[in-house]
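Asks: You'll find entry39.csv just under this line, and it carries CSV, C-alpha atoms and all ligand atoms.
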chain,number,residue,atom,x,y,z
A,1,MET,CA,2.2,20.5,-5.8
A,2,ALA,CA,-1.2,21.9,-6.3
A,3,GLU,CA,-3.4,22.1,-3.2
A,4,ASN,CA,-6.0,19.9,-4.7
A,5,ASN,CA,-3.6,17.0,-5.0
A,6,LEU,CA,-3.1,16.9,-1.2
A,7,SER,CA,-6.8,16.7,-0.6
A,8,LYS,CA,-7.3,14.3,-3.6
A,9,PHE,CA,-4.7,11.8,-2.3
A,10,ALA,CA,-4.3,12.1,1.4
A,11,GLY,CA,-5.8,9.2,3.3
A,12,VAL,CA,-5.8,5.5,4.0
A,13,TYR,CA,-4.9,3.1,1.2
A,14,VAL,CA,-5.0,-0.7,1.2
A,15,ALA,CA,-1.9,-2.1,-0.3
A,16,MET,CA,-4.0,-4.7,-2.1
A,17,TYR,CA,-3.1,-8.4,-2.5
A,18,SER,CA,-3.3,-9.9,-5.9
A,19,ALA,CA,-5.8,-12.7,-6.5
A,20,TYR,CA,-5.0,-16.0,-8.2
A,21,ASP,CA,-7.0,-19.0,-9.2
A,22,GLU,CA,-6.3,-22.5,-7.7
A,23,GLY,CA,-3.6,-23.0,-10.3
A,24,GLY,CA,-1.8,-19.8,-9.4
A,25,LYS,CA,-2.9,-17.7,-12.4
A,26,VAL,CA,-4.2,-14.1,-12.0
A,27,ASP,CA,-7.9,-14.4,-11.6
A,28,GLN,CA,-9.6,-11.1,-12.7
A,29,ALA,CA,-13.0,-12.0,-11.2
A,30,ARG,CA,-11.3,-12.6,-7.9
A,31,VAL,CA,-9.3,-9.4,-8.2
A,32,ARG,CA,-12.5,-7.5,-8.8
A,33,LYS,CA,-14.3,-9.0,-5.9
A,34,LEU,CA,-11.4,-8.2,-3.6
A,35,ALA,CA,-11.3,-4.6,-4.9
A,36,ARG,CA,-15.1,-4.2,-4.5
A,37,SER,CA,-14.9,-5.4,-0.9
A,38,TYR,CA,-13.0,-2.3,0.1
A,39,VAL,CA,-15.5,0.2,-1.4
A,40,ASN,CA,-17.6,0.7,1.6
A,41,THR,CA,-15.0,0.4,4.3
A,42,GLY,CA,-14.1,4.1,4.4
A,43,VAL,CA,-10.7,3.8,2.8
A,44,LYS,CA,-9.6,6.4,0.3
A,45,GLY,CA,-8.1,4.0,-2.1
A,46,LEU,CA,-6.0,1.1,-3.3
A,47,TYR,CA,-2.3,0.7,-3.9
A,48,VAL,CA,-2.1,-2.0,-6.6
A,49,GLY,CA,0.9,-4.2,-7.5
A,50,GLY,CA,3.2,-3.2,-4.6
A,51,SER,CA,4.8,-5.5,-2.1
A,52,SER,CA,1.6,-7.0,-0.9
A,53,GLY,CA,0.3,-7.1,-4.4
A,54,GLU,CA,3.4,-9.2,-5.5
A,55,GLY,CA,3.9,-7.0,-8.6
A,56,ILE,CA,7.6,-7.9,-8.4
A,57,LEU,CA,6.7,-11.6,-8.7
A,58,GLN,CA,4.5,-11.2,-11.8
A,59,ASN,CA,5.3,-10.6,-15.4
A,60,ALA,CA,4.1,-7.4,-17.1
A,61,GLU,CA,1.1,-9.0,-18.7
A,62,GLU,CA,-0.1,-10.4,-15.3
A,63,ARG,CA,0.4,-7.0,-13.7
A,64,LYS,CA,-1.6,-5.4,-16.4
A,65,ARG,CA,-4.5,-7.9,-15.9
A,66,VAL,CA,-4.6,-7.1,-12.2
A,67,VAL,CA,-4.6,-3.3,-12.8
A,68,GLU,CA,-7.3,-3.6,-15.5
A,69,ALA,CA,-9.5,-5.6,-13.2
A,70,VAL,CA,-9.1,-3.2,-10.3
A,71,LEU,CA,-9.8,-0.1,-12.4
A,72,GLU,CA,-12.8,-1.6,-14.2
A,73,GLU,CA,-14.3,-2.5,-10.8
A,74,VAL,CA,-13.7,0.6,-8.7
A,75,LYS,CA,-12.5,3.5,-10.9
A,76,GLY,CA,-14.3,6.6,-9.7
A,77,GLU,CA,-15.2,5.1,-6.4
A,78,LEU,CA,-11.7,4.6,-4.9
A,79,THR,CA,-8.5,6.4,-5.7
A,80,VAL,CA,-6.2,3.9,-7.4
A,81,ILE,CA,-2.4,4.2,-7.2
A,82,VAL,CA,-0.6,1.7,-9.4
A,83,HIS,CA,2.9,0.5,-8.5
A,84,VAL,CA,4.8,0.2,-11.8
A,85,GLY,CA,8.3,-0.4,-10.6
A,86,ALA,CA,10.1,-3.3,-12.4
A,87,ASN,CA,13.7,-4.1,-12.7
A,88,SER,CA,14.1,-2.7,-16.2
A,89,THR,CA,13.3,0.9,-17.0
A,90,THR,CA,11.6,-0.2,-20.2
A,91,GLU,CA,9.1,-2.5,-18.5
A,92,SER,CA,8.4,0.2,-15.8
A,93,VAL,CA,7.6,2.7,-18.5
A,94,GLU,CA,5.4,0.2,-20.3
A,95,LEU,CA,3.5,-0.4,-17.1
A,96,ALA,CA,3.2,3.3,-16.4
A,97,ARG,CA,1.7,4.0,-19.8
A,98,HIS,CA,-0.7,1.1,-19.4
A,99,ALA,CA,-1.8,2.4,-16.0
A,100,GLU,CA,-2.5,5.8,-17.5
A,101,GLN,CA,-4.4,4.4,-20.4
A,102,HIS,CA,-6.7,2.5,-18.1
A,103,GLY,CA,-7.4,5.4,-15.8
A,104,ALA,CA,-5.1,5.1,-12.8
A,105,ASP,CA,-5.0,8.2,-10.6
A,106,ALA,CA,-1.3,8.0,-9.9
A,107,ILE,CA,1.7,5.8,-10.4
A,108,SER,CA,4.5,4.8,-8.0
A,109,ALA,CA,7.7,2.9,-8.1
A,110,VAL,CA,10.5,1.4,-6.1
A,111,PRO,CA,14.1,1.7,-7.4
A,112,SER,CA,15.3,-1.1,-9.7
A,113,ILE,CA,16.6,-3.8,-7.4
A,114,TYR,CA,19.4,-6.4,-7.6
A,115,TYR,CA,22.1,-4.1,-9.0
A,116,ARG,CA,23.6,-1.8,-6.4
A,117,LEU,CA,22.8,1.3,-8.4
A,118,PRO,CA,24.2,4.7,-7.8
A,119,GLU,CA,21.7,7.4,-7.0
A,120,SER,CA,22.0,8.9,-10.5
A,121,ALA,CA,20.8,5.6,-12.0
A,122,VAL,CA,17.8,5.4,-9.8
A,123,GLU,CA,17.0,9.0,-10.5
A,124,THR,CA,17.2,8.3,-14.3
A,125,HIS,CA,15.0,5.1,-13.8
A,126,TRP,CA,12.3,7.1,-12.0
A,127,GLN,CA,12.6,10.1,-14.4
A,128,HIS,CA,11.8,7.9,-17.4
A,129,MET,CA,8.6,6.8,-15.7
A,130,ILE,CA,7.7,10.3,-14.7
A,131,ASP,CA,8.2,11.6,-18.2
A,132,SER,CA,6.3,8.8,-19.8
A,133,THR,CA,2.8,9.8,-18.5
A,134,TRP,CA,0.9,12.8,-17.3
A,135,LEU,CA,0.1,11.0,-14.0
A,136,PRO,CA,1.2,12.1,-10.6
A,137,PHE,CA,4.2,10.0,-9.3
A,138,ILE,CA,4.8,8.8,-5.8
A,139,ILE,CA,8.2,7.5,-4.8
A,140,TYR,CA,8.1,4.1,-3.0
A,141,HIS,CA,10.8,4.1,-0.4
A,142,ILE,CA,11.3,0.7,1.2
A,143,PRO,CA,15.1,0.5,2.0
A,144,GLN,CA,14.8,-2.7,4.1
A,145,THR,CA,13.9,-4.7,1.0
A,146,THR,CA,15.5,-2.7,-1.9
A,147,GLY,CA,18.7,-1.7,-0.1
A,148,PHE,CA,18.4,1.7,-1.6
A,149,GLN,CA,18.7,4.7,0.8
A,150,LEU,CA,16.8,7.7,-0.5
A,151,SER,CA,19.0,10.8,0.2
A,152,ALA,CA,17.7,14.1,1.2
A,153,ALA,CA,19.3,15.6,-1.9
A,154,LEU,CA,17.5,13.2,-4.3
A,155,LEU,CA,14.2,13.5,-2.5
A,156,GLY,CA,14.6,17.3,-2.8
A,157,ARG,CA,15.2,17.2,-6.5
A,158,MET,CA,12.3,14.8,-7.1
A,159,ALA,CA,9.9,16.8,-4.9
A,160,GLY,CA,10.8,19.9,-6.9
A,161,GLN,CA,9.0,18.4,-9.9
A,162,GLU,CA,5.3,19.2,-10.4
A,163,LYS,CA,4.4,15.6,-11.1
A,164,VAL,CA,6.1,14.1,-8.1
A,165,ILE,CA,3.5,14.5,-5.4
A,166,GLY,CA,4.8,12.4,-2.6
A,167,VAL,CA,6.6,9.5,-1.1
A,168,LYS,CA,5.4,6.2,0.3
A,169,MET,CA,7.7,5.9,3.4
A,170,SER,CA,8.0,2.2,4.3
A,171,GLY,CA,11.2,2.7,6.1
A,172,GLU,CA,10.9,2.3,9.9
A,173,SER,CA,12.3,5.6,11.1
A,174,THR,CA,9.7,8.2,12.0
A,175,PHE,CA,12.6,10.7,12.1
A,176,GLU,CA,13.3,10.0,8.5
A,177,LEU,CA,9.6,10.3,7.7
A,178,GLN,CA,9.5,13.7,9.4
A,179,GLN,CA,12.6,14.8,7.5
A,180,PHE,CA,10.9,13.8,4.2
A,181,LYS,CA,7.9,15.9,5.0
A,182,GLU,CA,10.1,18.8,5.9
A,183,ILE,CA,12.1,18.5,2.6
A,184,GLY,CA,9.0,18.1,0.5
A,185,GLY,CA,7.0,20.8,2.2
A,186,PRO,CA,3.5,20.9,3.5
A,187,ASP,CA,1.9,20.1,0.1
A,188,PHE,CA,4.1,17.1,-0.6
A,189,LEU,CA,2.4,13.9,0.5
A,190,VAL,CA,4.1,11.5,2.8
A,191,PHE,CA,2.4,8.1,3.3
A,192,ASN,CA,3.2,6.0,6.4
A,193,GLY,CA,4.4,2.5,5.4
A,194,PRO,CA,4.8,0.5,8.6
A,195,ASP,CA,1.3,-0.3,9.7
A,196,GLU,CA,2.5,-0.8,13.3
A,197,GLN,CA,3.5,2.8,13.3
A,198,PHE,CA,0.5,4.4,11.6
A,199,LEU,CA,-0.3,6.7,14.5
A,200,ALA,CA,3.4,7.6,15.1
A,201,GLY,CA,3.7,8.4,11.4
A,202,ARG,CA,0.6,10.5,11.4
A,203,ILE,CA,1.8,12.4,14.4
A,204,MET,CA,5.2,13.1,12.7
A,205,GLY,CA,3.6,14.5,9.6
A,206,ALA,CA,2.3,11.6,7.4
A,207,ASP,CA,-0.8,12.6,5.4
A,208,GLY,CA,-2.1,9.0,5.5
A,209,GLY,CA,-0.9,5.5,5.2
A,210,ILE,CA,-0.5,2.7,2.7
A,211,GLY,CA,-0.4,-0.8,4.2
A,212,GLY,CA,-0.8,-4.5,3.5
A,213,THR,CA,-2.4,-5.4,6.8
A,214,TYR,CA,-5.1,-2.8,6.2
A,215,GLY,CA,-6.4,-5.3,3.7
A,216,VAL,CA,-7.7,-7.5,6.5
A,217,MET,CA,-8.9,-4.8,8.8
A,218,PRO,CA,-9.5,-1.6,6.7
A,219,GLU,CA,-12.2,-0.3,9.0
A,220,LEU,CA,-9.9,-0.4,12.0
A,221,PHE,CA,-7.3,1.8,10.2
A,222,CYS,CA,-10.0,4.2,9.1
A,223,ALA,CA,-11.2,4.4,12.7
A,224,LEU,CA,-7.6,5.0,13.9
A,225,ASN,CA,-7.2,7.7,11.3
A,226,ARG,CA,-10.4,9.3,12.4
A,227,LEU,CA,-9.5,9.2,16.1
A,228,TYR,CA,-6.2,10.9,15.2
A,229,GLU,CA,-7.9,13.6,13.2
A,230,GLN,CA,-10.3,14.3,15.9
A,231,GLY,CA,-7.5,14.7,18.4
A,232,GLN,CA,-8.6,11.7,20.5
A,233,ARG,CA,-5.0,10.8,21.4
A,234,GLU,CA,-5.6,8.3,24.1
A,235,GLU,CA,-8.3,6.4,22.2
A,236,ALA,CA,-6.1,6.4,19.1
A,237,GLN,CA,-3.1,5.0,21.0
A,238,ALA,CA,-5.3,2.3,22.6
A,239,LEU,CA,-6.6,1.3,19.1
A,240,GLN,CA,-3.1,1.2,17.6
A,241,VAL,CA,-2.0,-1.1,20.5
A,242,LYS,CA,-4.9,-3.4,19.7
A,243,ILE,CA,-4.1,-3.4,16.0
A,244,ASN,CA,-0.4,-4.1,16.8
A,245,ARG,CA,-1.4,-7.2,18.7
A,246,ILE,CA,-3.1,-8.4,15.6
A,247,ILE,CA,-0.1,-7.5,13.4
A,248,LYS,CA,2.3,-9.2,15.8
A,249,ASN,CA,0.1,-12.3,15.5
A,250,LEU,CA,0.1,-12.1,11.7
A,251,LEU,CA,3.8,-11.7,11.6
A,252,SER,CA,4.3,-14.9,13.6
A,253,TYR,CA,3.3,-17.1,10.6
A,254,PRO,CA,5.9,-18.2,8.0
A,255,SER,CA,4.1,-16.0,5.5
A,256,LEU,CA,2.3,-12.7,6.4
A,257,TYR,CA,0.6,-12.7,3.0
A,258,GLY,CA,-0.4,-16.3,3.3
A,259,ALA,CA,-2.0,-15.6,6.7
A,260,CYS,CA,-3.8,-12.5,5.4
A,261,LYS,CA,-5.1,-14.3,2.3
A,262,TYR,CA,-6.5,-17.1,4.5
A,263,LEU,CA,-8.3,-14.5,6.7
A,264,LEU,CA,-9.9,-13.1,3.5
A,265,SER,CA,-11.0,-16.6,2.4
A,266,LEU,CA,-12.7,-17.0,5.8
A,267,ARG,CA,-14.8,-14.0,4.7
A,268,GLY,CA,-15.7,-15.5,1.4
A,269,ILE,CA,-13.1,-13.6,-0.6
A,270,GLU,CA,-10.8,-16.1,-2.3
A,271,THR,CA,-7.4,-14.8,-3.5
A,272,GLY,CA,-5.5,-18.1,-3.8
A,273,GLN,CA,-2.0,-18.6,-2.3
A,274,PRO,CA,0.8,-16.1,-2.4
A,275,ARG,CA,3.4,-16.8,-5.1
A,276,LEU,CA,6.5,-18.8,-4.3
A,277,PRO,CA,8.9,-18.1,-2.9
A,278,LEU,CA,6.4,-16.5,-0.5
A,279,LEU,CA,5.0,-19.4,1.4
A,280,PRO,CA,1.4,-20.6,1.4
A,281,VAL,CA,-0.5,-20.9,4.7
A,282,GLN,CA,-0.2,-24.3,6.3
A,283,SER,CA,-3.3,-26.2,7.3
A,284,SER,CA,-1.9,-26.6,10.8
A,285,HIS,CA,-2.3,-22.8,11.1
A,286,HIS,CA,-6.0,-22.7,10.1
A,287,ASP,CA,-7.5,-23.0,13.5
A,288,SER,CA,-5.5,-20.2,15.1
A,289,LEU,CA,-6.3,-18.0,12.1
A,290,VAL,CA,-10.0,-18.6,12.5
A,291,THR,CA,-9.6,-17.4,16.1
A,292,LEU,CA,-7.7,-14.3,14.9
A,293,ASN,CA,-10.3,-13.6,12.3
A,294,SER,CA,-13.0,-13.6,15.1
A,295,GLU,CA,-10.9,-11.2,17.1
A,296,ILE,CA,-10.6,-8.8,14.2
A,297,GLU,CA,-14.3,-9.0,13.5
A,298,GLU,CA,-15.2,-8.4,17.1
A,299,LEU,CA,-12.9,-5.4,17.3
A,300,THR,CA,-14.2,-4.1,14.0
A,301,ALA,CA,-17.8,-4.3,15.3
A,302,GLN,CA,-16.7,-2.5,18.5
A,303,TYR,CA,-15.3,0.4,16.4
A,304,ALA,CA,-18.2,0.5,13.9
A,305,GLY,CA,-19.3,4.1,13.6
A,306,SER,CA,-15.9,5.6,14.1
A,307,TYR,CA,-15.1,5.2,10.4
A,308,GLY,CA,-16.9,8.3,9.2
A,309,GLU,CA,-16.2,9.6,5.7
A,310,LYS,CA,-13.5,8.4,3.5
A,311,SER,CA,-10.2,8.3,5.5
A,401,LIG,C1,8.1,-3.8,4.8
A,401,LIG,C2,6.7,-4.0,4.4
A,401,LIG,O1,6.4,-5.0,3.7
A,401,LIG,N1,5.8,-3.1,4.7
A,401,LIG,C3,4.4,-3.1,4.4
A,401,LIG,C4,3.6,-3.1,5.6
A,401,LIG,O2,2.2,-3.1,5.3
A,401,LIG,C5,3.9,-4.3,6.5
A,401,LIG,O3,3.5,-5.5,5.8
A,401,LIG,C6,3.2,-4.2,7.8
A,401,LIG,O4,3.6,-3.0,8.5
A,401,LIG,C7,3.5,-5.4,8.7
A,401,LIG,O5,4.8,-5.4,9.2
A,401,LIG,C8,4.0,-2.0,3.5
A,401,LIG,O6,4.7,-0.8,3.8
A,401,LIG,C9,4.2,-2.4,2.1
A,401,LIG,C10,3.1,-1.9,1.2
A,401,LIG,O7,2.5,-1.0,1.5
A,401,LIG,C11,2.9,-2.6,0.0
A,401,LIG,O8,2.5,-3.7,0.1
A,401,LIG,O9,3.2,-2.1,-1.1
So that I can check it, write out the structure of this file as structure tokens.

Replies:
Amino acid sequence: MAENNLSKFAGVYVAMYSAYDEGGKVDQARVRKLARSYVNTGVKGLYVGGSSGEGILQNAEERKRVVEAVLEEVKGELTVIVHVGANSTTESVELARHAEQHGADAISAVPSIYYRLPESAVETHWQHMIDSTWLPFIIYHIPQTTGFQLSAALLGRMAGQEKVIGVKMSGESTFELQQFKEIGGPDFLVFNGPDEQFLAGRIMGADGGIGGTYGVMPELFCALNRLYEQGQREEAQALQVKINRIIKNLLSYPSLYGACKYLLSLRGIETGQPRLPLLPVQSSHHDSLVTLNSEIEELTAQYAGSYGEKS
């Protein structure tokens, strides 16, 4: 991979939620407002249509509408990686071409899910996407949801291609993360996936992170990234502990996405409810989420100034 790709893509990315209207339809104005809200937070970019973005719960036309709204709003201001993985290879390729036409910086994909595919089928699936555009490609590895274990051999073959610039490592093992970095080499990007382990992932070789909870506290993850880069180990660890208390709280609700979307609404950013079968937030949880929101805002104010340049 060319050196400039590492500097172009390394950093902190919000795995962005999708925004719907009150009837549950993709609402491009709301998508744009959400994307815009991240522009001055210090994040490097956005990861669109991934797990948090519910791409897998949307049809191709809806996914395209989300991508178009994001790119129209923040193209050139934030680096935009579009998740194009769909169950069929044909649809994934269609989404990849669409992302390229609309100016995405890179594409990314999970394996096809449901069928227990052999490695050769997943490789073929990804290869079709890679060959369909000139865009850089980032593997999305999330074995706890897809059931697919990315082998060292497949990662090695993928990383050997010019267009395959990295892997989004949402598995929970920092040992595996470190192995991925070793296999890919210093110029191959590894993004930390579990937000609770951002610091651990960075220490073990991740070049940045992509995460859903960043969406409700982007400045805190940028501050954490900055503390790590400045070698302030104890301060970084203390901040990760504080962030983890927030994440633990968020994970205690029936729906993480519902809770996060409610937090955004408290800040005047409406994104609607998550799509079923992901559960909406319940009104009985509103009060505790108001309290959590205040805690996040207080912590963010406390760390203001540590964000620095784009993380
Ligand atoms: C398993 C899972 O969903 N992991 C999330 C994390 O952001 C996760 O929600 C967070 O660490 C809380 O557990 C991300 O890796 C997913 C992600 O980046 C995405 O939304 O595409």

Asks: In Å, how far is it from atom CA of Asn5 of chain A to atom C4 of ligand LIG 401 (chain A)?

Replies: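 Calculated distance between atom CA of Asn5 of chain A and atom C4 of ligand LIG 401 (chain A) is 23.8 Å.
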
Asks: Let me have all residues with an atom within 6 Å of ligand LIG 401 (chain A), counting only C-alpha atoms and all ligand atoms, laid out as a PDB file with C-alpha atoms, in the coordinates of the input.

Replies:
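So selection.pdb came out as:
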ATOM      1  CA  ALA A  15      -1.900  -2.100  -0.300  1.00  0.00           C
ATOM      2  CA  GLY A  50       3.200  -3.200  -4.600  1.00  0.00           C
ATOM      3  CA  SER A  51       4.800  -5.500  -2.100  1.00  0.00           C
ATOM      4  CA  SER A  52       1.600  -7.000  -0.900  1.00  0.00           C
ATOM      5  CA  SER A 170       8.000   2.200   4.300  1.00  0.00           C
ATOM      6  CA  GLY A 193       4.400   2.500   5.400  1.00  0.00           C
ATOM      7  CA  PRO A 194       4.800   0.500   8.600  1.00  0.00           C
ATOM      8  CA  ASP A 195       1.300  -0.300   9.700  1.00  0.00           C
ATOM      9  CA  GLU A 196       2.500  -0.800  13.300  1.00  0.00           C
ATOM     10  CA  ILE A 210      -0.500   2.700   2.700  1.00  0.00           C
ATOM     11  CA  GLY A 211      -0.400  -0.800   4.200  1.00  0.00           C
ATOM     12  CA  GLY A 212      -0.800  -4.500   3.500  1.00  0.00           C
ATOM     13  CA  THR A 213      -2.400  -5.400   6.800  1.00  0.00           C
TER      14      THR A 213
END

Asks: Determine, counting all atoms listed in the file, which protein, DNA and RNA residues have an atom within 10 Å of an atom of segment 101-106 of chain A; residues of the same chain fewer than 3 positions away are not included. Present the result as a ChimeraX atom specification.

Replies: /A:8-9,45,47-48,64,67-72,75-76,78-83,95-98,133-138,163-165

Asks: So, with only C-alpha atoms as the atoms that count, which of A:Ser252, A:Ala35, A:Leu266, A:Pro277 lies closest to Glu73 of chain A?

Replies: A:Ala35

Asks: Pick from A:Glu235, A:Glu297, A:Asp27, A:Glu94: nearest to Ala223 of chain A, with only C-alpha atoms counted?

Replies: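 Using only C-alpha atoms, Ala223 of chain A sits closest to A:Glu235.
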
Asks: Go through A:His141, A:Arg30, A:Arg233, A:Lys261 one by one, measure the shortest atom-to-atom distance of each to Gln282 of chain A using all atoms listed in the file, and give the residue with the smallest value.

Replies: A:Lys261

Asks: Please determine, counting only C-alpha atoms, which residue among A:Val290, A:Leu6, A:Ile203, A:Val26 has the shortest atom-to-atom distance to Asn225 of chain A.

Replies: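 When distances to Asn225 of chain A are compared using only C-alpha atoms, the smallest one comes from A:Ile203.
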
Asks: Between A:Val216, A:Glu234, A:Glu176, A:Ala121, which one has atoms that come closest to Leu292 of chain A, using only C-alpha atoms?

Replies: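 Answer, going by the shortest atom-to-atom distance: A:Val216.
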
Asks: Between atom CA of Val31 of chain A and atom CA of Thr271 of chain A, what is the distance, to one decimal in Å?

Replies: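 Going from atom CA of Val31 of chain A over to atom CA of Thr271 of chain A covers 7.4 Å.
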
Asks: What does the distance between atom CA of Leu239 of chain A and atom CA of Glu182 of chain A come to in Å, to one decimal place?

Replies: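 Taking atom CA of Leu239 of chain A as the start and atom CA of Glu182 of chain A as the end point, the length is 27.6 Å.
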
Asks: Might you pull out every residue within 10 Å of Asn249 of chain A, with all atoms listed in the file counted and same-chain residues fewer than 3 positions away left off, and present them as number ranges by chain?

Replies: A: 243-246, 252-253, 256, 259, 288-289, 292

Asks: Taking into account all atoms listed in the file, which residue in the set A:Ala109, A:Leu154, A:Leu220, A:Ala236 is nearest to Glu123 of chain A?

Replies: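 Among the listed residues, A:Leu154 lies closest to Glu123 of chain A.
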
Asks: Do a neighbour search on Phe180 of chain A at 10 Å with all atoms listed in the file, toss out local chain neighbours closer than 4 positions, and write the hits as a ChimeraX atom specification.

Replies: /A:150-152,155-156,159,166-167,169,174-176,184-185,188-190,205-206

Asks: Got a sec: who's within 10 Å of Gln197 of chain A, counting all atoms listed in the file, leaving out chain neighbours fewer than 5 positions off, as a short mmCIF file (atom, residue, chain, number, x, y, z; two decimals) with C-alpha atoms, keeping the file's coordinate frame?

Replies:
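File written: result_39.cif
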data_model
loop_
_atom_site.label_atom_id
_atom_site.label_comp_id
_atom_site.auth_asym_id
_atom_site.auth_seq_id
_atom_site.Cartn_x
_atom_site.Cartn_y
_atom_site.Cartn_z
CA GLU A 172 10.90 2.30 9.90
CA SER A 173 12.30 5.60 11.10
CA THR A 174 9.70 8.20 12.00
CA ASN A 192 3.20 6.00 6.40
CA ARG A 202 0.60 10.50 11.40
CA ILE A 203 1.80 12.40 14.40
CA GLY A 209 -0.90 5.50 5.20
CA GLN A 240 -3.10 1.20 17.60
CA VAL A 241 -2.00 -1.10 20.50
CA ASN A 244 -0.40 -4.10 16.80
#

Asks: Because some atoms of segment 281-300 of chain A are absent here, can you restore N, CA and C atoms and send them as an mmCIF file, keeping the file's coordinate frame?

Replies:
data_model
loop_
_atom_site.group_PDB
_atom_site.id
_atom_site.type_symbol
_atom_site.label_atom_id
_atom_site.label_comp_id
_atom_site.auth_asym_id
_atom_site.auth_seq_id
_atom_site.Cartn_x
_atom_site.Cartn_y
_atom_site.Cartn_z
ATOM 1 N N VAL A 281 -0.087 -20.594 3.272
ATOM 2 C CA VAL A 281 -0.500 -20.900 4.700
ATOM 3 C C VAL A 281 -0.508 -22.380 4.849
ATOM 4 N N GLN A 282 -0.158 -22.840 6.053
ATOM 5 C CA GLN A 282 -0.200 -24.300 6.300
ATOM 6 C C GLN A 282 -1.509 -24.653 7.013
ATOM 7 N N SER A 283 -2.006 -25.850 6.725
ATOM 8 C CA SER A 283 -3.300 -26.200 7.300
ATOM 9 C C SER A 283 -3.208 -26.275 8.847
ATOM 10 N N SER A 284 -2.012 -26.523 9.372
ATOM 11 C CA SER A 284 -1.900 -26.600 10.800
ATOM 12 C C SER A 284 -2.116 -25.164 11.456
ATOM 13 N N HIS A 285 -2.122 -24.127 10.622
ATOM 14 C CA HIS A 285 -2.300 -22.800 11.100
ATOM 15 C C HIS A 285 -3.791 -22.303 10.993
ATOM 16 N N HIS A 286 -4.602 -23.133 10.353
ATOM 17 C CA HIS A 286 -6.000 -22.700 10.100
ATOM 18 C C HIS A 286 -6.750 -22.330 11.330
ATOM 19 N N ASP A 287 -6.675 -23.193 12.345
ATOM 20 C CA ASP A 287 -7.500 -23.000 13.500
ATOM 21 C C ASP A 287 -7.141 -21.648 14.233
ATOM 22 N N SER A 288 -5.836 -21.394 14.355
ATOM 23 C CA SER A 288 -5.500 -20.200 15.100
ATOM 24 C C SER A 288 -5.841 -18.928 14.226
ATOM 25 N N LEU A 289 -5.856 -19.090 12.896
ATOM 26 C CA LEU A 289 -6.300 -18.000 12.100
ATOM 27 C C LEU A 289 -7.782 -17.733 12.132
ATOM 28 N N VAL A 290 -8.535 -18.804 12.331
ATOM 29 C CA VAL A 290 -10.000 -18.600 12.500
ATOM 30 C C VAL A 290 -10.220 -17.832 13.801
ATOM 31 N N THR A 291 -9.457 -18.153 14.847
ATOM 32 C CA THR A 291 -9.600 -17.400 16.100
ATOM 33 C C THR A 291 -9.218 -15.940 15.902
ATOM 34 N N LEU A 292 -8.108 -15.710 15.183
ATOM 35 C CA LEU A 292 -7.700 -14.300 14.900
ATOM 36 C C LEU A 292 -8.740 -13.572 14.135
ATOM 37 N N ASN A 293 -9.313 -14.250 13.160
ATOM 38 C CA ASN A 293 -10.300 -13.600 12.300
ATOM 39 C C ASN A 293 -11.519 -13.164 13.222
ATOM 40 N N SER A 294 -11.913 -14.016 14.157
ATOM 41 C CA SER A 294 -13.000 -13.600 15.100
ATOM 42 C C SER A 294 -12.632 -12.411 15.875
ATOM 43 N N GLU A 295 -11.389 -12.379 16.330
ATOM 44 C CA GLU A 295 -10.900 -11.200 17.100
ATOM 45 C C GLU A 295 -11.007 -9.936 16.302
ATOM 46 N N ILE A 296 -10.575 -10.028 15.045
ATOM 47 C CA ILE A 296 -10.600 -8.800 14.200
ATOM 48 C C ILE A 296 -12.064 -8.398 13.964
ATOM 49 N N GLU A 297 -12.931 -9.380 13.719
ATOM 50 C CA GLU A 297 -14.300 -9.000 13.500
ATOM 51 C C GLU A 297 -14.987 -8.411 14.705
ATOM 52 N N GLU A 298 -14.635 -8.928 15.873
ATOM 53 C CA GLU A 298 -15.200 -8.400 17.100
ATOM 54 C C GLU A 298 -14.716 -6.921 17.318
ATOM 55 N N LEU A 299 -13.426 -6.719 17.097
ATOM 56 C CA LEU A 299 -12.900 -5.400 17.300
ATOM 57 C C LEU A 299 -13.478 -4.410 16.260
ATOM 58 N N THR A 300 -13.637 -4.893 15.042
ATOM 59 C CA THR A 300 -14.200 -4.100 14.000
ATOM 60 C C THR A 300 -15.646 -3.654 14.382
#
